[in-house]
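Dumped start-v5.txt below, it's compact mmCIF, C-alpha atoms (C1' of nucleotides):
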# COMPACT_ATOMS: atom_id res chain seq x y z
CA MET A 1 119.21 67.95 54.37
CA ALA A 2 120.03 66.28 57.65
CA LEU A 3 120.60 68.31 60.75
CA ASN A 4 123.97 68.70 62.38
CA ARG A 5 125.18 69.76 65.79
CA ALA A 6 125.93 73.33 64.72
CA ASP A 7 122.36 73.78 63.39
CA VAL A 8 120.97 72.65 66.72
CA VAL A 9 123.15 74.99 68.74
CA GLU A 10 122.40 77.91 66.42
CA ALA A 11 118.66 77.36 66.70
CA ALA A 12 118.97 77.08 70.48
CA LEU A 13 120.71 80.44 70.64
CA ALA A 14 117.97 81.97 68.50
CA ILE A 15 115.30 80.69 70.90
CA LEU A 16 117.30 81.98 73.86
CA ASP A 17 117.53 85.44 72.32
CA GLN A 18 113.86 85.60 71.41
CA TYR A 19 112.15 83.88 74.32
CA GLY A 20 114.66 83.39 77.12
CA ILE A 21 116.12 80.41 78.91
CA ALA A 22 112.83 79.21 80.41
CA ASP A 23 111.40 78.67 76.94
CA LEU A 24 114.49 76.96 75.64
CA THR A 25 113.11 73.43 75.87
CA MET A 26 114.10 70.42 73.84
CA ARG A 27 110.58 70.20 72.46
CA ARG A 28 110.45 73.81 71.34
CA LEU A 29 113.88 73.50 69.82
CA ALA A 30 112.82 70.39 67.93
CA GLU A 31 109.69 72.13 66.67
CA ARG A 32 111.74 75.07 65.34
CA LEU A 33 114.00 72.61 63.54
CA GLY A 34 111.04 70.70 62.07
CA VAL A 35 111.92 67.50 63.84
CA GLN A 36 110.77 65.34 66.75
CA ALA A 37 112.23 66.01 70.21
CA GLY A 38 113.91 62.62 70.35
CA ALA A 39 115.88 63.41 67.20
CA LEU A 40 117.92 66.00 69.08
CA TYR A 41 119.50 63.22 71.12
CA TRP A 42 121.23 61.99 68.04
CA HIS A 43 123.21 65.24 68.01
CA MET A 44 123.54 66.05 71.73
CA PRO A 45 123.86 63.69 74.70
CA ASN A 46 121.52 65.81 76.85
CA LYS A 47 120.16 69.27 77.52
CA GLN A 48 123.04 70.29 79.77
CA SER A 49 125.49 69.80 76.92
CA LEU A 50 123.29 71.84 74.64
CA LEU A 51 123.24 74.71 77.13
CA ALA A 52 127.00 74.46 77.55
CA ALA A 53 127.44 74.64 73.77
CA VAL A 54 125.25 77.75 73.58
CA SER A 55 127.24 79.28 76.43
CA ASP A 56 130.45 78.57 74.53
CA VAL A 57 129.13 80.37 71.47
CA ILE A 58 128.23 83.42 73.54
CA VAL A 59 131.52 83.79 75.41
CA GLY A 60 133.29 83.08 72.13
CA GLN A 61 131.80 86.30 70.80
CA VAL A 62 133.77 88.43 73.24
CA GLN A 63 136.34 90.30 71.20
CA LEU A 64 139.65 90.86 72.91
CA PRO A 65 140.89 94.44 73.32
CA ARG A 66 143.96 95.47 71.37
CA ASP A 67 147.24 95.06 73.12
CA ASP A 68 147.86 97.74 75.69
CA PRO A 69 151.07 98.08 77.66
CA ASP A 70 148.98 98.96 80.71
CA TRP A 71 147.10 95.99 82.09
CA ARG A 72 145.12 98.44 84.24
CA ALA A 73 143.55 99.72 81.05
CA TRP A 74 143.35 96.41 79.22
CA LEU A 75 141.47 94.51 81.92
CA PRO A 76 138.58 96.98 82.39
CA ASP A 77 138.24 97.09 78.63
CA TRP A 78 137.95 93.31 78.55
CA ALA A 79 135.42 93.33 81.38
CA GLY A 80 133.32 95.88 79.52
CA ARG A 81 133.37 93.78 76.36
CA LEU A 82 132.36 90.70 78.30
CA ARG A 83 129.46 92.63 79.81
CA SER A 84 128.18 93.99 76.51
CA THR A 85 128.43 90.58 74.86
CA LEU A 86 126.36 89.08 77.67
CA LEU A 87 123.83 91.89 77.42
CA ARG A 88 123.32 91.09 73.73
CA HIS A 89 121.83 87.68 74.58
CA ARG A 90 118.85 87.18 76.81
CA ASP A 91 119.61 85.38 80.10
CA ALA A 92 123.21 85.01 78.99
CA ALA A 93 124.68 85.78 82.42
CA GLU A 94 122.58 83.08 84.04
CA LEU A 95 123.45 80.58 81.34
CA VAL A 96 127.16 81.29 81.41
CA SER A 97 127.22 81.22 85.23
CA THR A 98 125.68 77.79 85.49
CA THR A 99 127.79 76.44 82.65
CA ARG A 100 130.90 77.78 84.37
CA ALA A 101 129.90 76.28 87.70
CA THR A 102 129.26 72.85 86.22
CA GLY A 103 132.50 73.02 84.29
CA LEU A 104 130.77 71.68 81.18
CA GLY A 105 131.84 74.53 78.93
CA GLY A 106 134.48 73.54 76.41
CA LEU A 107 135.95 76.99 75.98
CA ASP A 108 138.58 78.45 78.30
CA TRP A 109 137.36 81.98 77.82
CA LEU A 110 139.24 83.34 80.86
CA ALA A 111 142.56 82.34 79.29
CA ALA A 112 143.15 85.69 77.61
CA PRO A 113 142.84 87.94 80.68
CA ARG A 114 144.78 85.37 82.69
CA ARG A 115 147.63 85.48 80.19
CA ARG A 116 147.52 89.26 80.12
CA LEU A 117 148.13 89.35 83.86
CA GLU A 118 150.86 86.77 83.63
CA GLU A 119 152.58 88.88 80.98
CA ALA A 120 152.48 91.72 83.48
CA GLY A 121 154.45 89.59 85.88
CA VAL A 122 151.69 88.12 88.03
CA PRO A 123 152.38 84.51 89.14
CA GLU A 124 150.17 81.87 87.49
CA GLY A 125 147.99 81.00 90.44
CA GLU A 126 147.33 84.57 91.42
CA ALA A 127 146.46 85.55 87.87
CA ALA A 128 143.85 82.81 87.76
CA ASP A 129 142.35 83.87 91.08
CA ALA A 130 142.36 87.52 90.08
CA VAL A 131 140.51 86.86 86.83
CA GLN A 132 138.04 84.72 88.74
CA VAL A 133 137.18 87.62 91.03
CA LEU A 134 136.54 89.86 88.05
CA ALA A 135 134.50 87.20 86.25
CA HIS A 136 132.28 86.59 89.28
CA PHE A 137 131.59 90.28 89.53
CA VAL A 138 130.73 90.74 85.86
CA LEU A 139 128.48 87.66 85.79
CA GLY A 140 126.72 88.60 89.02
CA GLN A 141 126.20 92.17 87.96
CA VAL A 142 124.87 91.33 84.50
CA TYR A 143 122.72 88.53 85.89
CA GLU A 144 120.96 91.12 88.00
CA GLU A 145 120.73 93.61 85.18
CA GLN A 146 119.14 91.07 82.87
CA THR A 147 116.69 89.76 85.42
CA ARG A 148 115.55 93.24 86.39
CA ALA A 149 115.16 94.21 82.74
CA GLN A 150 112.89 91.23 82.15
CA LEU A 151 110.84 91.88 85.27
CA ALA A 152 110.34 95.42 83.99
CA GLU A 153 109.25 94.01 80.62
CA LEU A 154 106.54 92.09 82.42
CA GLY A 155 105.50 95.28 84.15
CA VAL A 156 106.39 93.83 87.55
CA SER A 157 108.87 96.53 88.46
CA ALA A 158 110.09 99.89 87.23
CA PRO A 159 112.48 99.81 84.28
CA PRO A 160 116.09 99.94 85.51
CA ASP A 161 118.12 103.07 84.86
CA PRO A 162 120.81 102.14 82.31
CA GLU A 163 123.10 104.89 83.56
CA HIS A 164 122.90 103.53 87.06
CA SER A 165 123.88 100.07 85.87
CA GLU A 166 126.73 101.54 83.90
CA ARG A 167 128.02 103.51 86.87
CA GLN A 168 127.67 100.57 89.21
CA PHE A 169 129.55 98.36 86.80
CA GLY A 170 132.36 100.86 86.35
CA PHE A 171 132.63 101.30 90.09
CA GLY A 172 132.96 97.57 90.69
CA VAL A 173 135.56 97.10 87.99
CA ARG A 174 137.60 100.04 89.30
CA ILE A 175 137.54 98.63 92.83
CA ILE A 176 138.73 95.24 91.68
CA ILE A 177 141.47 96.66 89.46
CA ALA A 178 142.66 98.93 92.25
CA GLY A 179 142.71 96.02 94.67
CA LEU A 180 144.62 93.87 92.22
CA ALA A 181 147.15 96.58 91.55
CA GLN A 182 147.83 96.91 95.23
CA SER A 183 147.80 93.24 96.15
CA LEU A 184 149.90 92.09 93.25
CA ARG A 185 152.23 95.06 93.37
CA ILE A 186 153.10 94.97 89.72
CA GLY A 187 153.91 97.49 87.04
CA GLY A 188 152.64 97.94 83.48
CA MET B 1 96.85 69.77 112.84
CA ALA B 2 96.66 72.01 109.85
CA LEU B 3 99.77 73.11 108.03
CA ASN B 4 101.04 76.64 108.05
CA ARG B 5 103.46 78.62 105.93
CA ALA B 6 106.37 78.14 108.32
CA ASP B 7 105.97 74.34 108.22
CA VAL B 8 106.08 74.41 104.46
CA VAL B 9 109.21 76.55 104.32
CA GLU B 10 110.94 74.45 106.96
CA ALA B 11 110.20 71.23 105.11
CA ALA B 12 111.42 72.80 101.89
CA LEU B 13 114.73 73.71 103.51
CA ALA B 14 115.08 70.15 104.80
CA ILE B 15 114.60 68.77 101.28
CA LEU B 16 117.09 71.27 99.91
CA ASP B 17 119.70 70.22 102.47
CA GLN B 18 119.18 66.52 101.88
CA TYR B 19 118.56 66.27 98.16
CA GLY B 20 119.42 69.60 96.55
CA ILE B 21 117.49 72.18 94.59
CA ALA B 22 116.70 69.91 91.64
CA ASP B 23 114.72 67.59 93.90
CA LEU B 24 112.92 70.41 95.67
CA THR B 25 109.66 70.00 93.78
CA MET B 26 106.18 70.92 94.94
CA ARG B 27 105.14 67.28 94.69
CA ARG B 28 108.02 65.99 96.79
CA LEU B 29 107.45 68.71 99.33
CA ALA B 30 103.77 67.84 99.53
CA GLU B 31 104.60 64.17 99.98
CA ARG B 32 106.96 64.94 102.87
CA LEU B 33 104.20 66.99 104.50
CA GLY B 34 101.64 64.21 103.98
CA VAL B 35 99.48 66.32 101.75
CA GLN B 36 98.50 66.70 98.10
CA ALA B 37 100.58 69.01 95.91
CA GLY B 38 97.68 71.36 95.31
CA ALA B 39 97.35 71.97 99.05
CA LEU B 40 100.63 73.88 99.05
CA TYR B 41 99.00 76.61 97.00
CA TRP B 42 96.82 77.47 99.92
CA HIS B 43 99.98 78.56 101.76
CA MET B 44 102.18 79.88 98.96
CA PRO B 45 101.21 81.68 95.75
CA ASN B 46 103.77 79.75 93.70
CA LYS B 47 107.09 77.95 93.72
CA GLN B 48 109.16 81.09 93.22
CA SER B 49 107.82 82.53 96.46
CA LEU B 50 108.61 79.30 98.24
CA LEU B 51 112.21 79.43 97.02
CA ALA B 52 112.47 83.08 98.03
CA ALA B 53 111.22 82.21 101.51
CA VAL B 54 113.81 79.44 101.85
CA SER B 55 116.49 81.85 100.65
CA ASP B 56 115.38 84.34 103.30
CA VAL B 57 115.75 81.73 106.02
CA ILE B 58 119.26 80.89 104.88
CA VAL B 59 120.61 84.43 104.65
CA GLY B 60 118.85 85.15 107.93
CA GLN B 61 121.17 82.64 109.55
CA VAL B 62 124.24 84.75 108.90
CA GLN B 63 125.41 86.02 112.26
CA LEU B 64 126.89 89.50 112.24
CA PRO B 65 130.44 89.96 113.52
CA ARG B 66 130.90 91.93 116.76
CA ASP B 67 131.50 95.59 116.36
CA ASP B 68 135.00 96.38 115.24
CA PRO B 69 136.37 99.90 114.89
CA ASP B 70 138.16 98.76 111.73
CA TRP B 71 135.80 98.15 108.84
CA ARG B 72 138.70 96.49 107.03
CA ALA B 73 138.51 93.71 109.59
CA TRP B 74 134.74 93.68 110.03
CA LEU B 75 133.88 93.27 106.34
CA PRO B 76 136.07 90.21 105.63
CA ASP B 77 134.68 88.67 108.78
CA TRP B 78 131.16 89.22 107.52
CA ALA B 79 132.04 87.81 104.09
CA GLY B 80 133.46 84.70 105.73
CA ARG B 81 130.33 84.20 107.79
CA LEU B 82 128.16 84.59 104.73
CA ARG B 83 130.25 81.98 102.94
CA SER B 84 130.11 79.42 105.73
CA THR B 85 126.37 79.89 106.14
CA LEU B 86 125.89 79.25 102.43
CA LEU B 87 128.15 76.19 102.59
CA ARG B 88 125.94 74.72 105.31
CA HIS B 89 123.01 74.39 102.89
CA ARG B 90 123.14 72.49 99.66
CA ASP B 91 122.83 74.66 96.55
CA ALA B 92 122.38 77.70 98.77
CA ALA B 93 124.54 79.98 96.61
CA GLU B 94 122.50 79.19 93.52
CA LEU B 95 119.23 79.68 95.37
CA VAL B 96 120.25 82.96 96.97
CA SER B 97 121.66 84.26 93.68
CA THR B 98 118.47 83.70 91.73
CA THR B 99 116.33 85.02 94.57
CA ARG B 100 118.50 88.13 94.72
CA ALA B 101 118.33 88.63 90.97
CA THR B 102 114.54 88.35 90.88
CA GLY B 103 114.23 90.67 93.86
CA LEU B 104 111.65 88.35 95.43
CA GLY B 105 113.49 87.97 98.72
CA GLY B 106 111.84 89.79 101.59
CA LEU B 107 114.97 90.22 103.63
CA ASP B 108 117.45 93.06 103.13
CA TRP B 109 120.41 91.00 104.23
CA LEU B 110 122.97 93.40 102.77
CA ALA B 111 121.76 96.17 105.08
CA ALA B 112 124.24 95.40 107.86
CA PRO B 113 127.46 95.61 105.81
CA ARG B 114 126.06 98.64 103.99
CA ARG B 115 125.47 100.41 107.29
CA ARG B 116 128.90 99.43 108.54
CA LEU B 117 130.47 101.19 105.56
CA GLU B 118 128.26 104.22 105.99
CA GLU B 119 129.32 104.44 109.61
CA ALA B 120 132.88 104.50 108.34
CA GLY B 121 132.03 107.57 106.32
CA VAL B 122 131.26 106.08 102.92
CA PRO B 123 128.46 107.89 101.06
CA GLU B 124 125.19 105.92 100.77
CA GLY B 125 125.33 105.08 97.09
CA GLU B 126 128.92 103.98 97.17
CA ALA B 127 128.38 101.81 100.22
CA ALA B 128 125.58 99.99 98.41
CA ASP B 129 127.71 99.46 95.31
CA ALA B 130 130.67 98.31 97.36
CA VAL B 131 128.63 95.71 99.24
CA GLN B 132 127.19 94.55 95.95
CA VAL B 133 130.66 93.85 94.59
CA LEU B 134 131.53 91.79 97.64
CA ALA B 135 128.20 89.92 97.54
CA HIS B 136 128.62 89.03 93.88
CA PHE B 137 132.04 87.62 94.59
CA VAL B 138 130.96 85.54 97.57
CA LEU B 139 127.92 84.15 95.77
CA GLY B 140 129.86 83.38 92.61
CA GLN B 141 132.68 81.74 94.49
CA VAL B 142 130.46 79.58 96.69
CA TYR B 143 128.24 78.70 93.74
CA GLU B 144 131.27 77.19 92.08
CA GLU B 145 132.45 75.48 95.25
CA GLN B 146 129.08 73.85 95.80
CA THR B 147 128.64 72.72 92.23
CA ARG B 148 132.11 71.20 92.10
CA ALA B 149 131.57 69.43 95.42
CA GLN B 150 128.38 67.84 94.07
CA LEU B 151 130.02 66.82 90.81
CA ALA B 152 132.73 65.15 92.88
CA GLU B 153 130.04 63.37 94.90
CA LEU B 154 128.72 61.90 91.69
CA GLY B 155 132.23 60.79 90.83
CA VAL B 156 132.30 63.03 87.77
CA SER B 157 135.35 64.98 88.83
CA ALA B 158 138.06 64.94 91.46
CA PRO B 159 137.08 66.20 94.90
CA PRO B 160 137.98 69.89 95.25
CA ASP B 161 140.78 70.85 97.62
CA PRO B 162 139.18 72.71 100.54
CA GLU B 163 142.40 74.61 101.23
CA HIS B 164 142.48 75.86 97.68
CA SER B 165 138.92 77.15 97.96
CA GLU B 166 139.78 78.81 101.24
CA ARG B 167 142.85 80.50 99.80
CA GLN B 168 141.01 81.60 96.69
CA PHE B 169 138.22 83.05 98.78
CA GLY B 170 140.61 84.91 101.07
CA PHE B 171 142.47 86.28 98.08
CA GLY B 172 139.29 87.62 96.49
CA VAL B 173 138.08 89.22 99.68
CA ARG B 174 141.46 90.85 100.26
CA ILE B 175 141.50 92.27 96.74
CA ILE B 176 138.07 93.76 97.10
CA ILE B 177 138.76 95.23 100.53
CA ALA B 178 142.03 96.71 99.31
CA GLY B 179 140.30 98.19 96.30
CA LEU B 180 137.55 99.65 98.44
CA ALA B 181 140.00 101.16 100.88
CA GLN B 182 141.80 102.90 98.07
CA SER B 183 138.78 103.99 96.05
CA LEU B 184 136.80 105.26 98.99
CA ARG B 185 139.78 106.76 100.76
CA ILE B 186 138.33 106.40 104.22
CA GLY B 187 139.68 105.73 107.64
CA GLY B 188 138.71 103.32 110.40
C1' DA C 1 89.83 77.47 106.70
C1' DC C 2 92.17 73.93 104.75
C1' DC C 3 92.64 70.00 101.82
C1' DT C 4 91.46 66.24 98.11
C1' DG C 5 91.02 64.48 93.47
C1' DA C 6 91.60 65.09 89.21
C1' DA C 7 92.79 67.34 85.52
C1' DC C 8 95.65 70.60 82.14
C1' DA C 9 99.54 71.63 79.76
C1' DC C 10 103.70 70.82 79.84
C1' DC C 11 108.87 68.71 80.72
C1' DG C 12 113.67 65.58 79.53
C1' DT C 13 114.88 61.22 77.98
C1' DT C 14 114.74 56.48 75.87
C1' DC C 15 114.29 53.31 72.26
C1' DA C 16 112.36 50.03 68.92
C1' DA C 17 111.31 50.69 64.43
C1' DG C 18 111.53 52.90 60.08
C1' DT C 19 114.16 54.96 55.85
C1' DA D 1 123.26 57.78 59.50
C1' DC D 2 119.44 60.07 60.95
C1' DC D 3 114.78 60.41 62.37
C1' DT D 4 109.77 58.98 63.88
C1' DG D 5 106.33 57.47 67.15
C1' DA D 6 105.28 56.45 71.24
C1' DA D 7 106.03 55.82 75.60
C1' DC D 8 107.97 56.60 80.70
C1' DA D 9 108.32 59.19 84.59
C1' DC D 10 107.99 63.21 85.84
C1' DC D 11 106.82 68.75 86.40
C1' DG D 12 103.90 73.45 88.25
C1' DT D 13 99.43 75.02 88.67
C1' DT D 14 94.25 75.27 88.88
C1' DC D 15 89.92 74.40 90.78
C1' DA D 16 85.44 72.27 91.83
C1' DA D 17 84.24 69.70 95.49
C1' DG D 18 84.59 67.96 100.07
C1' DT D 19 85.03 68.53 105.43

As structure tokens, the full file:
Amino acid sequence: MALNRADVVEAALAILDQYGIADLTMRRLAERLGVQAGALYWHMPNKQSLLAAVSDVIVGQVQLPRDDPDWRAWLPDWAGRLRSTLLRHRDAAELVSTTRATGLGGLDWLAAPRRRLEEAGVPEGEAADAVQVLAHFVLGQVYEEQTRAQLAELGVSAPPDPEHSERQFGFGVRIIIAGLAQSLRIGG
Amino acid sequence: MALNRADVVEAALAILDQYGIADLTMRRLAERLGVQAGALYWHMPNKQSLLAAVSDVIVGQVQLPRDDPDWRAWLPDWAGRLRSTLLRHRDAAELVSTTRATGLGGLDWLAAPRRRLEEAGVPEGEAADAVQVLAHFVLGQVYEEQTRAQLAELGVSAPPDPEHSERQFGFGVRIIIAGLAQSLRIGG
DNA sequence: ACCTGAACACCGTTCAAGT
DNA sequence: ACCTGAACACCGTTCAAGT
């Protein structure tokens, strides 16, 4: 059977998970699919689009928290889910960061937290900015976690303490939520 | 005269500023220095180290704010200086982010803000975490600013509104400072 | 000590030609 | 419609050999 776009993206994600972003090359991907490298360009315009598609799949896996009347509980929950989804895929934070920066991703995965803040009475623009702050923190934090974990795998550095990462993450999220609560001066 | 490490790093920074990180290749760098690519490996162990060295030069250019009895004024000042230093060099946010994640940078450029918080009475560990939150935000924000600016240069997207970036940055910094002030419950 | 020349093992992308 | 084969223009890195 002939290949389709979804097959290509799925195989790319599998390579990412197993070998990391450095080994996610068009040639390796083609090999895994039993096809020549050039064939991939029938399904994708270029590598950037492929990476964006993989990024979309990953952030699409973030499950939204149940409704909670308190946005100060809902938002940390969401941030935690984003983090654990990223941690499930190798180099995911790096991939999602670059995709976000280039604006090539086709999924507006910050829409949900943005809407949650707007429901709480935060004006549109501020809700967008607020979610951006949180997203930058989560991506930056997980990026570092994932890089350090891989360096440890190579024996370059000591393995990172998972509890420390957890604490650091919680601390950052709390700070941002507290700052939001004060700056936006809103209720539940 | 024979080349030295400093010459190599300086030339690398010049290429970064002019052409961006994608064009900062060992071969182009060698060409600019009038030398064969292999010669660079006499001065640097590999490309990663070169990038880390360039990153060190950039973050080393951040000038510290004058002493201010109020850390709530000092820290935003520092964040603003970090941002403008990054904006002066093409792709600097991306470069510094990856260097930070890999831990290859030789410069502890977060030491100053960390110390400033400790002087204000924040316990060591919390000061480090707090500065980390701020750093992740600045890097993430500028990363996006720089990528969008380059996309606009290529005519791919509309040029970003500098006032919007400014406002968004100020908003994020304010949120984080407010959150810190509340979570750490410290004085001037 | 510092660099050349040349190679090795790769990349992403294009495109005429095949089926 | 979908893929092959082969090329183009690159990469980072190594290393014997030169000066």

Distance filter 9 Å, all atoms listed in the file, chain B against chain A, as a compact mmCIF listing (two decimals) with C-alpha atoms, keeping the file's coordinate frame:
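Output contents, as saved in out-v1.txt:
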# COMPACT_ATOMS: atom_id res chain seq x y z
CA GLU B 94 122.50 79.19 93.52
CA SER B 97 121.66 84.26 93.68
CA THR B 98 118.47 83.70 91.73
CA ARG B 100 118.50 88.13 94.72
CA ALA B 101 118.33 88.63 90.97
CA THR B 102 114.54 88.35 90.88
CA GLY B 103 114.23 90.67 93.86
CA GLU B 126 128.92 103.98 97.17
CA ASP B 129 127.71 99.46 95.31
CA ALA B 130 130.67 98.31 97.36
CA GLN B 132 127.19 94.55 95.95
CA VAL B 133 130.66 93.85 94.59
CA LEU B 134 131.53 91.79 97.64
CA ALA B 135 128.20 89.92 97.54
CA HIS B 136 128.62 89.03 93.88
CA PHE B 137 132.04 87.62 94.59
CA VAL B 138 130.96 85.54 97.57
CA LEU B 139 127.92 84.15 95.77
CA GLY B 140 129.86 83.38 92.61
CA GLN B 141 132.68 81.74 94.49
CA TYR B 143 128.24 78.70 93.74
CA GLU B 144 131.27 77.19 92.08
CA GLU B 145 132.45 75.48 95.25
CA GLN B 146 129.08 73.85 95.80
CA THR B 147 128.64 72.72 92.23
CA ARG B 148 132.11 71.20 92.10
CA LEU B 151 130.02 66.82 90.81
CA GLN B 168 141.01 81.60 96.69
CA PHE B 169 138.22 83.05 98.78
CA PHE B 171 142.47 86.28 98.08
CA GLY B 172 139.29 87.62 96.49
CA VAL B 173 138.08 89.22 99.68
CA ARG B 174 141.46 90.85 100.26
CA ILE B 175 141.50 92.27 96.74
CA ILE B 176 138.07 93.76 97.10
CA ILE B 177 138.76 95.23 100.53
CA ALA B 178 142.03 96.71 99.31
CA GLY B 179 140.30 98.19 96.30
CA LEU B 180 137.55 99.65 98.44
CA ALA B 181 140.00 101.16 100.88
CA GLN B 182 141.80 102.90 98.07
CA SER B 183 138.78 103.99 96.05

At a cut-off of 10 Å, using only C-alpha atoms (C1' of nucleotides), what residues contact Ala6 of chain A? Leave out same-chain residues fewer than 5 positions from it and give the result as a PDB file with C-alpha atoms, keeping the file's coordinate frame.
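Written out: result-v4.pdb:
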ATOM      1  CA  ALA A  11     118.660  77.360  66.700  1.00  0.00           C
ATOM      2  CA  ALA A  12     118.970  77.080  70.480  1.00  0.00           C
ATOM      3  CA  HIS A  43     123.210  65.240  68.010  1.00  0.00           C
ATOM      4  CA  ALA A  53     127.440  74.640  73.770  1.00  0.00           C
ATOM      5  CA  VAL A  54     125.250  77.750  73.580  1.00  0.00           C
TER       6      VAL A  54
END

Distance query segment 4-13 of chain D at most 9 Å, only C-alpha atoms (C1' of nucleotides), self and fewer than 4 positions along chain excluded, as a list in words: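 What passes the distance filter is Val35, Gln36, Gly38 and Ala39 of chain A; Thr25, Met26, Arg27, Gly38, Tyr41, Asn46 and Lys47 of chain B; DC8, DC10, DC11, DG12, DT13, DT14, DA17 and DG18 of chain C.
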
One-decimal distance in Å that lies between atom CA of Ala92 of chain B and atom CA of Leu64 of chain B: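 For atom CA of Leu64 of chain B relative to atom CA of Ala92 of chain B, the distance reads 18.5 Å.
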
Write out as AutoDock Vina command-line options an axis-aligned box for segment 121-138 of chain A: all of its atoms listed in the file, 5 Å added on each side, centre and edge lengths in Å with one decimal.
--center_x 142.6 --center_y 85.9 --center_z 88.6 --size_x 33.7 --size_y 19.7 --size_z 15.6

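Here atom CA of Ala120 of chain B stands at a distance of 21.6 Å from atom CA of Val62 of chain B.
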
Point-to-point distance in Å for atom CA of Leu50 of chain B and atom CA of Thr99 of chain B: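 These atoms are spaced 10.3 Å apart.
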
Neighbour list for segment 17-22 of chain A as a PyMOL selection string, cut-off 9 Å, all atoms listed in the file, skip fewer than 6 positions in-chain: chain A and resi 88-92+94-95
